[in-house]
$ cat my_file00.cif   # mmCIF, N, CA and C atoms
data_target
#
loop_
_atom_site.label_atom_id
_atom_site.label_comp_id
_atom_site.auth_asym_id
_atom_site.auth_seq_id
_atom_site.Cartn_x
_atom_site.Cartn_y
_atom_site.Cartn_z
N MET A 251 180.31 -13.66 -69.15
CA MET A 251 179.73 -13.93 -67.84
C MET A 251 180.65 -14.92 -67.11
N ALA A 252 180.74 -14.81 -65.82
CA ALA A 252 181.59 -15.68 -65.01
C ALA A 252 181.11 -17.12 -65.07
N ASP A 253 182.03 -18.04 -64.79
CA ASP A 253 181.72 -19.47 -64.79
C ASP A 253 180.71 -19.83 -63.71
N HIS A 254 180.72 -19.06 -62.63
CA HIS A 254 179.86 -19.36 -61.49
C HIS A 254 179.44 -18.03 -60.87
N GLN A 255 178.14 -17.85 -60.72
CA GLN A 255 177.63 -16.63 -60.10
C GLN A 255 176.76 -17.02 -58.92
N GLU A 256 176.83 -16.22 -57.87
CA GLU A 256 176.04 -16.49 -56.67
C GLU A 256 175.47 -15.20 -56.12
N ALA A 257 174.30 -15.35 -55.50
CA ALA A 257 173.69 -14.24 -54.77
C ALA A 257 172.88 -14.85 -53.64
N SER A 258 172.77 -14.15 -52.53
CA SER A 258 171.95 -14.65 -51.43
C SER A 258 171.43 -13.49 -50.60
N VAL A 259 170.34 -13.77 -49.92
CA VAL A 259 169.74 -12.80 -49.03
C VAL A 259 169.16 -13.55 -47.84
N THR A 260 169.32 -12.99 -46.65
CA THR A 260 168.73 -13.56 -45.43
C THR A 260 167.65 -12.60 -44.97
N LEU A 261 166.48 -13.18 -44.71
CA LEU A 261 165.30 -12.40 -44.37
C LEU A 261 164.66 -12.90 -43.07
N PRO A 262 163.91 -12.05 -42.39
CA PRO A 262 163.19 -12.52 -41.20
C PRO A 262 162.14 -13.55 -41.58
N SER A 263 161.96 -14.50 -40.71
CA SER A 263 160.96 -15.55 -40.95
C SER A 263 159.58 -14.98 -40.65
N ASP A 264 159.08 -14.24 -41.62
CA ASP A 264 157.81 -13.52 -41.47
C ASP A 264 157.11 -13.55 -42.83
N PRO A 265 155.80 -13.68 -42.85
CA PRO A 265 155.10 -13.70 -44.15
C PRO A 265 155.41 -12.51 -45.05
N ALA A 266 155.70 -11.35 -44.46
CA ALA A 266 156.03 -10.17 -45.26
C ALA A 266 157.34 -10.33 -46.03
N SER A 267 158.17 -11.30 -45.65
CA SER A 267 159.44 -11.53 -46.33
C SER A 267 159.28 -12.32 -47.63
N VAL A 268 158.17 -12.99 -47.80
CA VAL A 268 157.98 -13.83 -48.99
C VAL A 268 158.03 -13.00 -50.27
N PRO A 269 157.27 -11.90 -50.39
CA PRO A 269 157.39 -11.11 -51.63
C PRO A 269 158.77 -10.48 -51.80
N THR A 270 159.44 -10.18 -50.70
CA THR A 270 160.79 -9.64 -50.78
C THR A 270 161.73 -10.68 -51.38
N ALA A 271 161.61 -11.92 -50.95
CA ALA A 271 162.43 -13.01 -51.50
C ALA A 271 162.16 -13.19 -52.99
N ARG A 272 160.90 -13.17 -53.34
CA ARG A 272 160.51 -13.35 -54.75
C ARG A 272 161.09 -12.23 -55.61
N ARG A 273 160.96 -10.99 -55.17
CA ARG A 273 161.50 -9.85 -55.92
C ARG A 273 163.03 -9.91 -56.02
N TYR A 274 163.66 -10.29 -54.91
CA TYR A 274 165.12 -10.39 -54.90
C TYR A 274 165.60 -11.36 -55.97
N VAL A 275 165.02 -12.56 -55.98
CA VAL A 275 165.44 -13.57 -56.96
C VAL A 275 165.13 -13.09 -58.38
N ALA A 276 163.97 -12.51 -58.59
CA ALA A 276 163.62 -12.01 -59.92
C ALA A 276 164.63 -10.95 -60.39
N ASP A 277 165.01 -10.05 -59.50
CA ASP A 277 165.98 -9.01 -59.86
C ASP A 277 167.35 -9.61 -60.18
N VAL A 278 167.79 -10.57 -59.39
CA VAL A 278 169.08 -11.22 -59.64
C VAL A 278 169.06 -11.91 -61.00
N LEU A 279 168.00 -12.67 -61.26
CA LEU A 279 167.95 -13.43 -62.51
C LEU A 279 167.81 -12.51 -63.72
N THR A 280 167.11 -11.41 -63.56
CA THR A 280 167.04 -10.43 -64.65
C THR A 280 168.44 -9.88 -64.94
N GLY A 281 169.18 -9.61 -63.89
CA GLY A 281 170.56 -9.15 -64.06
C GLY A 281 171.45 -10.17 -64.73
N TRP A 282 171.10 -11.45 -64.59
CA TRP A 282 171.87 -12.52 -65.23
C TRP A 282 171.35 -12.86 -66.62
N GLY A 283 170.31 -12.15 -67.06
CA GLY A 283 169.85 -12.32 -68.43
C GLY A 283 168.52 -13.00 -68.63
N LEU A 284 167.82 -13.35 -67.56
CA LEU A 284 166.52 -14.00 -67.73
C LEU A 284 165.46 -12.95 -68.03
N ASP A 285 164.69 -13.17 -69.06
CA ASP A 285 163.59 -12.27 -69.43
C ASP A 285 162.51 -12.37 -68.36
N GLY A 286 162.25 -11.28 -67.67
CA GLY A 286 161.28 -11.28 -66.59
C GLY A 286 159.86 -11.61 -67.01
N ALA A 287 159.57 -11.51 -68.30
CA ALA A 287 158.23 -11.82 -68.80
C ALA A 287 158.13 -13.25 -69.32
N ALA A 288 159.21 -13.99 -69.30
CA ALA A 288 159.21 -15.36 -69.82
C ALA A 288 158.48 -16.31 -68.88
N ASP A 289 157.98 -17.41 -69.45
CA ASP A 289 157.31 -18.43 -68.64
C ASP A 289 158.24 -18.96 -67.56
N ALA A 290 159.52 -19.11 -67.89
CA ALA A 290 160.49 -19.61 -66.91
C ALA A 290 160.58 -18.67 -65.71
N ALA A 291 160.52 -17.37 -65.96
CA ALA A 291 160.58 -16.40 -64.86
C ALA A 291 159.35 -16.52 -63.97
N ASP A 292 158.19 -16.71 -64.57
CA ASP A 292 156.96 -16.90 -63.79
C ASP A 292 157.07 -18.14 -62.92
N ALA A 293 157.57 -19.23 -63.48
CA ALA A 293 157.70 -20.48 -62.74
C ALA A 293 158.68 -20.31 -61.58
N ILE A 294 159.79 -19.63 -61.82
CA ILE A 294 160.78 -19.42 -60.77
C ILE A 294 160.22 -18.55 -59.66
N ARG A 295 159.48 -17.51 -60.01
CA ARG A 295 158.87 -16.67 -58.97
C ARG A 295 157.91 -17.48 -58.11
N LEU A 296 157.13 -18.35 -58.72
CA LEU A 296 156.21 -19.19 -57.96
C LEU A 296 156.97 -20.18 -57.08
N ILE A 297 158.02 -20.78 -57.59
CA ILE A 297 158.84 -21.71 -56.81
C ILE A 297 159.41 -20.99 -55.59
N VAL A 298 159.99 -19.81 -55.79
CA VAL A 298 160.58 -19.06 -54.67
C VAL A 298 159.50 -18.70 -53.66
N SER A 299 158.34 -18.29 -54.13
CA SER A 299 157.24 -17.97 -53.21
C SER A 299 156.86 -19.16 -52.35
N GLU A 300 156.73 -20.32 -52.97
CA GLU A 300 156.34 -21.52 -52.23
C GLU A 300 157.43 -21.96 -51.26
N LEU A 301 158.69 -21.91 -51.69
CA LEU A 301 159.79 -22.30 -50.79
C LEU A 301 159.89 -21.35 -49.60
N ALA A 302 159.80 -20.05 -49.87
CA ALA A 302 159.89 -19.07 -48.78
C ALA A 302 158.69 -19.20 -47.84
N THR A 303 157.51 -19.40 -48.40
CA THR A 303 156.32 -19.59 -47.56
C THR A 303 156.48 -20.80 -46.66
N ASN A 304 156.99 -21.89 -47.21
CA ASN A 304 157.22 -23.09 -46.39
C ASN A 304 158.22 -22.81 -45.28
N ALA A 305 159.28 -22.06 -45.59
CA ALA A 305 160.29 -21.74 -44.57
C ALA A 305 159.69 -20.91 -43.45
N VAL A 306 158.71 -20.08 -43.76
CA VAL A 306 158.07 -19.24 -42.75
C VAL A 306 157.03 -20.03 -41.96
N LEU A 307 156.15 -20.73 -42.67
CA LEU A 307 155.01 -21.35 -42.02
C LEU A 307 155.30 -22.69 -41.34
N HIS A 308 156.20 -23.47 -41.89
CA HIS A 308 156.37 -24.84 -41.40
C HIS A 308 157.58 -25.04 -40.50
N THR A 309 158.19 -23.94 -40.03
CA THR A 309 159.28 -24.06 -39.07
C THR A 309 158.80 -23.78 -37.65
N PHE A 310 157.52 -23.49 -37.52
CA PHE A 310 156.87 -23.33 -36.22
C PHE A 310 157.59 -22.36 -35.30
N GLY A 311 158.07 -21.25 -35.87
CA GLY A 311 158.73 -20.23 -35.08
C GLY A 311 160.12 -20.60 -34.61
N GLN A 312 160.64 -21.75 -35.04
CA GLN A 312 161.96 -22.20 -34.60
C GLN A 312 163.09 -21.73 -35.51
N SER A 313 162.76 -20.99 -36.55
CA SER A 313 163.78 -20.45 -37.44
C SER A 313 163.53 -18.95 -37.57
N PRO A 314 164.31 -18.13 -36.89
CA PRO A 314 164.05 -16.69 -36.91
C PRO A 314 164.29 -16.04 -38.27
N THR A 315 165.08 -16.68 -39.11
CA THR A 315 165.37 -16.17 -40.45
C THR A 315 165.37 -17.33 -41.44
N PHE A 316 165.36 -16.98 -42.71
CA PHE A 316 165.62 -17.95 -43.77
C PHE A 316 166.51 -17.26 -44.80
N THR A 317 167.26 -18.06 -45.53
CA THR A 317 168.19 -17.53 -46.52
C THR A 317 167.83 -18.10 -47.89
N VAL A 318 167.83 -17.24 -48.88
CA VAL A 318 167.60 -17.65 -50.26
C VAL A 318 168.94 -17.54 -50.99
N ASP A 319 169.39 -18.66 -51.57
CA ASP A 319 170.63 -18.70 -52.35
C ASP A 319 170.27 -18.94 -53.81
N VAL A 320 170.94 -18.22 -54.68
CA VAL A 320 170.76 -18.39 -56.12
C VAL A 320 172.15 -18.58 -56.71
N ARG A 321 172.30 -19.66 -57.48
CA ARG A 321 173.61 -19.96 -58.08
C ARG A 321 173.41 -20.33 -59.54
N LEU A 322 174.24 -19.76 -60.38
CA LEU A 322 174.24 -20.08 -61.80
C LEU A 322 175.60 -20.65 -62.15
N VAL A 323 175.60 -21.87 -62.65
CA VAL A 323 176.85 -22.56 -62.95
C VAL A 323 177.00 -22.69 -64.47
N ARG A 324 178.09 -22.12 -64.98
CA ARG A 324 178.45 -22.19 -66.41
C ARG A 324 177.30 -21.84 -67.35
N GLU A 325 176.43 -20.93 -66.92
CA GLU A 325 175.28 -20.54 -67.73
C GLU A 325 174.48 -21.74 -68.23
N GLU A 326 174.49 -22.82 -67.42
CA GLU A 326 173.79 -24.04 -67.81
C GLU A 326 172.79 -24.50 -66.75
N VAL A 327 173.15 -24.33 -65.49
CA VAL A 327 172.34 -24.88 -64.40
C VAL A 327 172.09 -23.80 -63.36
N LEU A 328 170.82 -23.65 -63.01
CA LEU A 328 170.41 -22.70 -61.98
C LEU A 328 170.01 -23.48 -60.74
N HIS A 329 170.59 -23.09 -59.59
CA HIS A 329 170.25 -23.68 -58.31
C HIS A 329 169.59 -22.60 -57.45
N ILE A 330 168.43 -22.91 -56.91
CA ILE A 330 167.75 -22.01 -55.98
C ILE A 330 167.53 -22.79 -54.70
N GLY A 331 168.04 -22.26 -53.59
CA GLY A 331 167.91 -22.94 -52.31
C GLY A 331 167.35 -22.01 -51.25
N VAL A 332 166.50 -22.57 -50.41
CA VAL A 332 165.99 -21.82 -49.26
C VAL A 332 166.38 -22.60 -48.01
N THR A 333 167.11 -21.94 -47.13
CA THR A 333 167.64 -22.55 -45.92
C THR A 333 166.93 -21.99 -44.70
N ASP A 334 166.55 -22.89 -43.80
CA ASP A 334 166.02 -22.47 -42.50
C ASP A 334 166.68 -23.33 -41.43
N SER A 335 166.49 -22.97 -40.17
CA SER A 335 167.18 -23.68 -39.10
C SER A 335 166.34 -24.77 -38.45
N HIS A 336 165.18 -25.07 -39.01
CA HIS A 336 164.34 -26.15 -38.47
C HIS A 336 164.81 -27.47 -39.07
N PRO A 337 165.00 -28.51 -38.26
CA PRO A 337 165.56 -29.76 -38.78
C PRO A 337 164.60 -30.62 -39.59
N ARG A 338 163.30 -30.43 -39.43
CA ARG A 338 162.36 -31.34 -40.11
C ARG A 338 162.37 -31.10 -41.61
N ARG A 339 162.48 -32.20 -42.33
CA ARG A 339 162.44 -32.14 -43.79
C ARG A 339 161.01 -31.84 -44.25
N PRO A 340 160.88 -31.16 -45.38
CA PRO A 340 159.53 -30.90 -45.88
C PRO A 340 158.85 -32.20 -46.28
N ARG A 341 157.55 -32.22 -46.11
CA ARG A 341 156.80 -33.41 -46.52
C ARG A 341 155.47 -32.94 -47.07
N ARG A 342 154.96 -33.76 -47.95
CA ARG A 342 153.67 -33.44 -48.54
C ARG A 342 152.59 -33.65 -47.49
N LEU A 343 151.71 -32.69 -47.41
CA LEU A 343 150.57 -32.82 -46.51
C LEU A 343 149.40 -33.38 -47.31
N PRO A 344 148.55 -34.17 -46.68
CA PRO A 344 147.37 -34.62 -47.43
C PRO A 344 146.51 -33.41 -47.76
N ALA A 345 146.21 -33.25 -49.01
CA ALA A 345 145.43 -32.09 -49.44
C ALA A 345 144.00 -32.51 -49.71
N ALA A 346 143.16 -32.20 -48.79
CA ALA A 346 141.74 -32.49 -48.98
C ALA A 346 141.19 -31.58 -50.08
N VAL A 347 140.14 -31.98 -50.69
CA VAL A 347 139.56 -31.24 -51.80
C VAL A 347 139.25 -29.80 -51.41
N GLN A 348 138.78 -29.56 -50.22
CA GLN A 348 138.39 -28.21 -49.81
C GLN A 348 139.48 -27.49 -49.01
N GLN A 349 140.64 -28.09 -48.87
CA GLN A 349 141.72 -27.49 -48.09
C GLN A 349 142.42 -26.40 -48.92
N ASP A 350 142.74 -25.28 -48.28
CA ASP A 350 143.36 -24.17 -48.98
C ASP A 350 144.88 -24.24 -49.00
N ASN A 351 145.48 -25.14 -48.26
CA ASN A 351 146.94 -25.22 -48.27
C ASN A 351 147.35 -26.69 -48.35
N GLY A 352 148.67 -26.92 -48.31
CA GLY A 352 149.18 -28.28 -48.36
C GLY A 352 149.59 -28.72 -49.75
N ARG A 353 149.59 -27.80 -50.70
CA ARG A 353 149.93 -28.17 -52.07
C ARG A 353 151.26 -27.58 -52.55
N GLY A 354 151.95 -26.86 -51.68
CA GLY A 354 153.19 -26.18 -52.08
C GLY A 354 154.24 -27.10 -52.65
N LEU A 355 154.53 -28.21 -51.99
CA LEU A 355 155.54 -29.13 -52.50
C LEU A 355 155.12 -29.75 -53.81
N VAL A 356 153.84 -30.03 -53.97
CA VAL A 356 153.35 -30.59 -55.23
C VAL A 356 153.59 -29.58 -56.35
N ILE A 357 153.29 -28.31 -56.09
CA ILE A 357 153.51 -27.26 -57.08
C ILE A 357 154.99 -27.14 -57.43
N ILE A 358 155.83 -27.09 -56.40
CA ILE A 358 157.27 -26.94 -56.60
C ILE A 358 157.83 -28.10 -57.42
N ARG A 359 157.50 -29.32 -57.02
CA ARG A 359 158.01 -30.50 -57.73
C ARG A 359 157.50 -30.53 -59.17
N SER A 360 156.25 -30.18 -59.38
CA SER A 360 155.67 -30.19 -60.73
C SER A 360 156.35 -29.17 -61.63
N LEU A 361 156.54 -27.96 -61.12
CA LEU A 361 157.20 -26.93 -61.92
C LEU A 361 158.64 -27.31 -62.24
N ALA A 362 159.34 -27.85 -61.27
CA ALA A 362 160.73 -28.26 -61.50
C ALA A 362 160.79 -29.37 -62.54
N ALA A 363 159.93 -30.38 -62.40
CA ALA A 363 159.92 -31.50 -63.35
C ALA A 363 159.55 -31.03 -64.75
N GLU A 364 158.57 -30.15 -64.84
CA GLU A 364 158.14 -29.64 -66.15
C GLU A 364 159.27 -28.92 -66.87
N ALA A 365 160.14 -28.27 -66.11
CA ALA A 365 161.27 -27.55 -66.70
C ALA A 365 162.50 -28.42 -66.88
N GLY A 366 162.40 -29.71 -66.53
CA GLY A 366 163.55 -30.59 -66.64
C GLY A 366 164.50 -30.50 -65.46
N GLY A 367 163.98 -30.03 -64.32
CA GLY A 367 164.81 -29.85 -63.13
C GLY A 367 164.52 -30.89 -62.07
N ARG A 368 165.05 -30.64 -60.88
CA ARG A 368 164.84 -31.58 -59.78
C ARG A 368 164.76 -30.85 -58.44
N PHE A 369 164.23 -31.57 -57.47
CA PHE A 369 164.01 -31.11 -56.10
C PHE A 369 164.89 -31.93 -55.19
N SER A 370 165.55 -31.29 -54.22
CA SER A 370 166.34 -32.04 -53.25
C SER A 370 166.39 -31.27 -51.93
N VAL A 371 166.75 -31.98 -50.88
CA VAL A 371 166.88 -31.39 -49.55
C VAL A 371 168.22 -31.83 -48.97
N THR A 372 168.98 -30.87 -48.45
CA THR A 372 170.25 -31.20 -47.81
C THR A 372 170.27 -30.63 -46.40
N PRO A 373 170.81 -31.39 -45.43
CA PRO A 373 170.93 -30.86 -44.08
C PRO A 373 172.06 -29.82 -44.02
N THR A 374 171.93 -28.89 -43.08
CA THR A 374 172.99 -27.91 -42.86
C THR A 374 173.83 -28.36 -41.66
N ALA A 375 175.03 -27.83 -41.56
CA ALA A 375 175.91 -28.16 -40.44
C ALA A 375 175.31 -27.72 -39.11
N GLU A 376 174.45 -26.71 -39.15
CA GLU A 376 173.84 -26.17 -37.93
C GLU A 376 172.59 -26.92 -37.50
N GLY A 377 172.19 -27.93 -38.26
CA GLY A 377 171.02 -28.72 -37.88
C GLY A 377 169.75 -28.37 -38.62
N GLY A 378 169.80 -27.41 -39.52
CA GLY A 378 168.63 -27.07 -40.33
C GLY A 378 168.66 -27.81 -41.64
N LYS A 379 168.10 -27.18 -42.67
CA LYS A 379 168.05 -27.81 -43.98
C LYS A 379 168.00 -26.75 -45.06
N THR A 380 168.40 -27.15 -46.26
CA THR A 380 168.23 -26.33 -47.45
C THR A 380 167.40 -27.14 -48.44
N VAL A 381 166.33 -26.52 -48.92
CA VAL A 381 165.51 -27.13 -49.96
C VAL A 381 165.98 -26.52 -51.28
N TRP A 382 166.43 -27.38 -52.19
CA TRP A 382 167.01 -26.95 -53.46
C TRP A 382 166.10 -27.29 -54.64
N ILE A 383 166.06 -26.39 -55.57
CA ILE A 383 165.48 -26.65 -56.89
C ILE A 383 166.61 -26.41 -57.87
N THR A 384 166.84 -27.37 -58.74
CA THR A 384 167.87 -27.26 -59.77
C THR A 384 167.15 -27.28 -61.12
N LEU A 385 167.44 -26.27 -61.93
CA LEU A 385 166.78 -26.11 -63.22
C LEU A 385 167.80 -25.86 -64.32
N PRO A 386 167.50 -26.29 -65.53
CA PRO A 386 168.36 -25.87 -66.64
C PRO A 386 168.20 -24.37 -66.86
N TRP A 387 169.29 -23.70 -67.20
CA TRP A 387 169.26 -22.25 -67.43
C TRP A 387 168.79 -22.01 -68.86
N THR A 388 167.78 -21.16 -69.00
CA THR A 388 167.19 -20.94 -70.31
C THR A 388 167.24 -19.49 -70.76
N ALA A 389 168.06 -18.71 -70.14
CA ALA A 389 168.10 -17.28 -70.48
C ALA A 389 168.80 -17.05 -71.81
N ALA A 390 168.33 -16.05 -72.48
CA ALA A 390 169.01 -15.61 -73.71
C ALA A 390 170.26 -14.85 -73.31
N PRO A 391 171.30 -14.91 -74.12
CA PRO A 391 172.51 -14.16 -73.79
C PRO A 391 172.21 -12.67 -73.67
N VAL A 392 172.90 -12.03 -72.76
CA VAL A 392 172.75 -10.59 -72.58
C VAL A 392 173.62 -9.91 -73.62
N PRO A 393 173.05 -9.00 -74.43
CA PRO A 393 173.86 -8.32 -75.44
C PRO A 393 174.99 -7.52 -74.79
N SER A 394 176.15 -7.56 -75.39
CA SER A 394 177.26 -6.78 -74.84
C SER A 394 177.20 -5.36 -75.39
N CYS A 395 177.67 -4.42 -74.59
CA CYS A 395 177.61 -3.00 -74.98
C CYS A 395 178.87 -2.58 -75.66
#

$ encode --input "my_file00.cif" --output "structure tokens"
Amino acid sequence: MADHQEASVTLPSDPASVPTARRYVADVLTGWGLDGAADAADAIRLIVSELATNAVLHTFGQSPTFTVDVRLVREEVLHIGVTDSHPRRPRRLPAAVQQDNGRGLVIIRSLAAEAGGRFSVTPTAEGGKTVWITLPWTAAPVPSC
């Protein structure tokens, strides 16, 4: 496997794009050797869903698209980033007991921490931001043919 692998997809900022982003990342990671039935795969799918949902819902129509980047470095570290063109950094919303939303960042941070990873946000040159999750790579080696 190469020292560094990358894949990305740009999608319309629409709720219908969230499952597309999730499937895209799952397919890429399966191709890189991650067992789609593993707990790590479930956690990654949930992280991508939450990041993509945030890019759609919390940019207030100011980001017509969002981009999902997936990078695997030396089969050791997985980086997943979602970029949108809205400048505001994500923030935790107060989650009232009966509120149905506002917990996405808590979920993302918890899943990343549980896996030994981290959460970060970087500004883009165009004035937007990329929300990154960095995780240790836990895939089994892909058997050679």

$ resolve_selection --input "my_file00.cif" --expression "the PyMOL selection byres ((chain A and resi 325) around 6.5)" --output "ChimeraX atom specification"
/A:252-254,322-324,326-327,387

$ resolve_selection --input "my_file00.cif" --expression "the PyMOL selection byres ((chain A and resi 376) around 8)" --output "PyMOL selection string"
chain A and resi 334-337+373-375+377-379

$ atom_distance --input "my_file00.cif" --atom1 "atom C of Leu296 of chain A" --atom2 "atom C of Gly354 of chain A"
8.7 Å

$ resolve_selection --input "my_file00.cif" --expression "the PyMOL selection byres ((chain A and resi 266-272) around 7)" --output "ChimeraX atom specification"
/A:261-265,273-277,295,298-299,302-303

$ select_by_dssp --input "my_file00.cif" --residues "segment 252-386 of chain A" --states "strand (DSSP E or B)" --output "compact mmCIF listing (two decimals) with N, CA and C atoms, keeping the file's coordinate frame"
# COMPACT_ATOMS: atom_id res chain seq x y z
N HIS A 254 180.72 -19.06 -62.63
CA HIS A 254 179.86 -19.36 -61.49
C HIS A 254 179.44 -18.03 -60.87
N GLN A 255 178.14 -17.85 -60.72
CA GLN A 255 177.63 -16.63 -60.10
C GLN A 255 176.76 -17.02 -58.92
N GLU A 256 176.83 -16.22 -57.87
CA GLU A 256 176.04 -16.49 -56.67
C GLU A 256 175.47 -15.20 -56.12
N ALA A 257 174.30 -15.35 -55.50
CA ALA A 257 173.69 -14.24 -54.77
C ALA A 257 172.88 -14.85 -53.64
N SER A 258 172.77 -14.15 -52.53
CA SER A 258 171.95 -14.65 -51.43
C SER A 258 171.43 -13.49 -50.60
N VAL A 259 170.34 -13.77 -49.92
CA VAL A 259 169.74 -12.80 -49.03
C VAL A 259 169.16 -13.55 -47.84
N THR A 260 169.32 -12.99 -46.65
CA THR A 260 168.73 -13.56 -45.43
C THR A 260 167.65 -12.60 -44.97
N LEU A 261 166.48 -13.18 -44.71
CA LEU A 261 165.30 -12.40 -44.37
C LEU A 261 164.66 -12.90 -43.07
N PRO A 262 163.91 -12.05 -42.39
CA PRO A 262 163.19 -12.52 -41.20
C PRO A 262 162.14 -13.55 -41.58
N THR A 315 165.08 -16.68 -39.11
CA THR A 315 165.37 -16.17 -40.45
C THR A 315 165.37 -17.33 -41.44
N PHE A 316 165.36 -16.98 -42.71
CA PHE A 316 165.62 -17.95 -43.77
C PHE A 316 166.51 -17.26 -44.80
N THR A 317 167.26 -18.06 -45.53
CA THR A 317 168.19 -17.53 -46.52
C THR A 317 167.83 -18.10 -47.89
N VAL A 318 167.83 -17.24 -48.88
CA VAL A 318 167.60 -17.65 -50.26
C VAL A 318 168.94 -17.54 -50.99
N ASP A 319 169.39 -18.66 -51.57
CA ASP A 319 170.63 -18.70 -52.35
C ASP A 319 170.27 -18.94 -53.81
N VAL A 320 170.94 -18.22 -54.68
CA VAL A 320 170.76 -18.39 -56.12
C VAL A 320 172.15 -18.58 -56.71
N ARG A 321 172.30 -19.66 -57.48
CA ARG A 321 173.61 -19.96 -58.08
C ARG A 321 173.41 -20.33 -59.54
N LEU A 322 174.24 -19.76 -60.38
CA LEU A 322 174.24 -20.08 -61.80
C LEU A 322 175.60 -20.65 -62.15
N VAL A 323 175.60 -21.87 -62.65
CA VAL A 323 176.85 -22.56 -62.95
C VAL A 323 177.00 -22.69 -64.47
N VAL A 327 173.15 -24.33 -65.49
CA VAL A 327 172.34 -24.88 -64.40
C VAL A 327 172.09 -23.80 -63.36
N LEU A 328 170.82 -23.65 -63.01
CA LEU A 328 170.41 -22.70 -61.98
C LEU A 328 170.01 -23.48 -60.74
N HIS A 329 170.59 -23.09 -59.59
CA HIS A 329 170.25 -23.68 -58.31
C HIS A 329 169.59 -22.60 -57.45
N ILE A 330 168.43 -22.91 -56.91
CA ILE A 330 167.75 -22.01 -55.98
C ILE A 330 167.53 -22.79 -54.70
N GLY A 331 168.04 -22.26 -53.59
CA GLY A 331 167.91 -22.94 -52.31
C GLY A 331 167.35 -22.01 -51.25
N VAL A 332 166.50 -22.57 -50.41
CA VAL A 332 165.99 -21.82 -49.26
C VAL A 332 166.38 -22.60 -48.01
N THR A 333 167.11 -21.94 -47.13
CA THR A 333 167.64 -22.55 -45.92
C THR A 333 166.93 -21.99 -44.70
N ASP A 334 166.55 -22.89 -43.80
CA ASP A 334 166.02 -22.47 -42.50
C ASP A 334 166.68 -23.33 -41.43
N ARG A 368 165.05 -30.64 -60.88
CA ARG A 368 164.84 -31.58 -59.78
C ARG A 368 164.76 -30.85 -58.44
N PHE A 369 164.23 -31.57 -57.47
CA PHE A 369 164.01 -31.11 -56.10
C PHE A 369 164.89 -31.93 -55.19
N SER A 370 165.55 -31.29 -54.22
CA SER A 370 166.34 -32.04 -53.25
C SER A 370 166.39 -31.27 -51.93
N VAL A 371 166.75 -31.98 -50.88
CA VAL A 371 166.88 -31.39 -49.55
C VAL A 371 168.22 -31.83 -48.97
N THR A 372 168.98 -30.87 -48.45
CA THR A 372 170.25 -31.20 -47.81
C THR A 372 170.27 -30.63 -46.40
N PRO A 373 170.81 -31.39 -45.43
CA PRO A 373 170.93 -30.86 -44.08
C PRO A 373 172.06 -29.82 -44.02
N LYS A 379 168.10 -27.18 -42.67
CA LYS A 379 168.05 -27.81 -43.98
C LYS A 379 168.00 -26.75 -45.06
N THR A 380 168.40 -27.15 -46.26
CA THR A 380 168.23 -26.33 -47.45
C THR A 380 167.40 -27.14 -48.44
N VAL A 381 166.33 -26.52 -48.92
CA VAL A 381 165.51 -27.13 -49.96
C VAL A 381 165.98 -26.52 -51.28
N TRP A 382 166.43 -27.38 -52.19
CA TRP A 382 167.01 -26.95 -53.46
C TRP A 382 166.10 -27.29 -54.64
N ILE A 383 166.06 -26.39 -55.57
CA ILE A 383 165.48 -26.65 -56.89
C ILE A 383 166.61 -26.41 -57.87
N THR A 384 166.84 -27.37 -58.74
CA THR A 384 167.87 -27.26 -59.77
C THR A 384 167.15 -27.28 -61.12
N LEU A 385 167.44 -26.27 -61.93
CA LEU A 385 166.78 -26.11 -63.22
C LEU A 385 167.80 -25.86 -64.32
N PRO A 386 167.50 -26.29 -65.53
CA PRO A 386 168.36 -25.87 -66.64
C PRO A 386 168.20 -24.37 -66.86

$ atom_distance --input "my_file00.cif" --atom1 "atom CA of Thr388 of chain A" --atom2 "atom C of Gly283 of chain A"
8.2 Å

$ closest_residue --input "my_file00.cif" --among "A:Asp319, A:Asp292, A:Glu256, A:Asp285" --to "Ala365 of chain A" --atoms "only C-alpha atoms"
A:Asp292
